[in-house]
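J.: Just passing along the structure, written as structure tokens.
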Amino acid sequence: MVTTEKVVKWLGFICILAGVSRMGMTPAGLIWGWDSPLELSFGYTASVLMAVCSFAFYLAQSKETGVLGFVTAFIASVGNAVISGQQYGIFAYETYADKGLFVNITGMIVGIGMMAGTILLAFVTFRAKVFPRWNVLLFIIMLVSFGIPFLQDWFAFFWGLAYAGMGYTICTGKYLKKDQPLRDSLPVQKSL
């Protein structure tokens with residue numbers, strides 16, 4: 001029988017795979033160049049996996065985060081789906097310099113949506129007090145690395161580390177609240 005607990009743990013495992021794939025972008029970019037086929041392959045794989053697994057963050061703390069948590073997971077999922085489209089667009093145009101309107105539009109959506117979605121995810125996760133604080137800290141480090149020029153090459157690494165860290169917590173069940181979050185059915189959502 002498929003239970004919510006099993007679904008959440010499988011999604012947590014996919015978070016780890018997605019995080020490792022996203023982290024792979026950094027060494028691939030540093031060694032073979034940014035927007036190289038290998039770096040983009042890591043990015044595309046990570047984006048597809050992250051689009052699938054982002055709901056694990058909501059399911060693991062749904063009682064505490066309510067509708068806002070669902071909206072956050074939805075934004076993260078859609079944002080990663082758009083990023084996968086952007087990665088594919090770069091593949092299609094062969095270089096980022098020759099990008100077309102599709103890549104430009106998805107780049108704007110990704111830039112704004114990813115920042116807003118990540119800030120919102122860190123906020124609801126911190127407020128829910130289900131995940132250990134180090135999980136939230138990894139998302140903050142990810143955001144900071146995006147804004148500091150000499151760390152921007154490491155942004156994908158920190159992004160992947162944040163996802164892998166959340167996935168690890170979900171798979172091991174090492175939450176702050178011991179009765180959290182795995183239940184056989186989803187709770188009725190509270191309003192904010």
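Here, A, B, ... name the chains of the structure tokens in the order displayed, residue numbers run from 1 inside each chain, and ligands are numbered from 1 in the same displayed order.
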Quick one: residues within 8 Å of A:Ile16, only C-alpha atoms counted, chain neighbours fewer than 5 positions away excluded, as a list in words?

T.: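 So the residues in contact are Tyr163, Ala164, Gly165, Met166, Gly167 and Tyr168 of chain A.
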
J.: Please provide as a list in words all residues within 8 Å of stretch 135-149 of chain A, with the sequence filter that same-chain residues fewer than 3 positions apart are discarded (counting only C-alpha atoms).

T.: Met115, Thr118, Ile119, Ala122, Thr125, Phe126, Phe131, Pro132, Gln152, Trp154, Phe155, Phe158, Trp159, Leu161, Ala162, Gly165 and Met166 of chain A

J.: Name the residues in contact with A:Gln86 at a cut-off of 6 Å, using only C-alpha atoms, excluding same-chain residues fewer than 3 positions from it; report them as a list of chain:residue names.

T.: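 Neighbouring residues, sequence-local ones excluded: A:Ile83, A:Gly89, A:Val103, A:Thr106.
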
J.: Please produce a file of the residues just selected, as a CSV table (one decimal), in the first residue's frame, where the atoms kept are N, CA and C atoms.

T.:
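Output below, filename result23.csv:
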chain,number,residue,atom,x,y,z
A,83,ILE,N,13.0,26.4,-15.7
A,83,ILE,CA,14.5,26.3,-15.9
A,83,ILE,C,14.9,25.2,-16.8
A,89,GLY,N,16.5,25.4,-24.2
A,89,GLY,CA,16.6,26.5,-25.1
A,89,GLY,C,18.0,26.8,-25.4
A,103,VAL,N,14.7,31.9,-24.6
A,103,VAL,CA,15.7,31.9,-23.5
A,103,VAL,C,15.7,33.2,-22.7
A,106,THR,N,12.4,33.1,-20.5
A,106,THR,CA,12.5,32.1,-19.4
A,106,THR,C,13.6,32.6,-18.4

J.: Ranking A:Leu101, A:Gly160, A:Gly29, A:Val124 by minimum distance to A:Val67 and counting only C-alpha atoms, which one comes first?

T.: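 So, comparing all the options, the nearest one is A:Val124.
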
J.: Please return, as a VMD selection string, all residues of chain A that DSSP assigns to helix (DSSP H, G or I) on the basis of the backbone.

T.: chain A and resid 4 to 32 37 to 53 55 to 59 62 to 93 96 to 98 101 to 128 133 to 147 149 to 172

J.: Residues at most 12 Å from A:Phe42, counting only C-alpha atoms, excluding those fewer than 3 positions away in the same chain, as a PyMOL selection string?

T.: chain A and resi 17-29+34-39+45-50+84+87-88+156-157+160

J.: Record the distance separating atom CA of A:Thr72 and atom CA of A:Met1, expressed in Å with one decimal.

T.: 28.5 Å

J.: For the atom pair atom CA of A:Gly12 and atom CA of A:Leu68, what is the interatomic distance in Å to one decimal place?

T.: 20.1 Å

J.: As an exercise, work out the distance from atom CA of A:Ser54 to atom CA of A:Leu30 in Å and give it to one decimal place.

T.: 27.0 Å
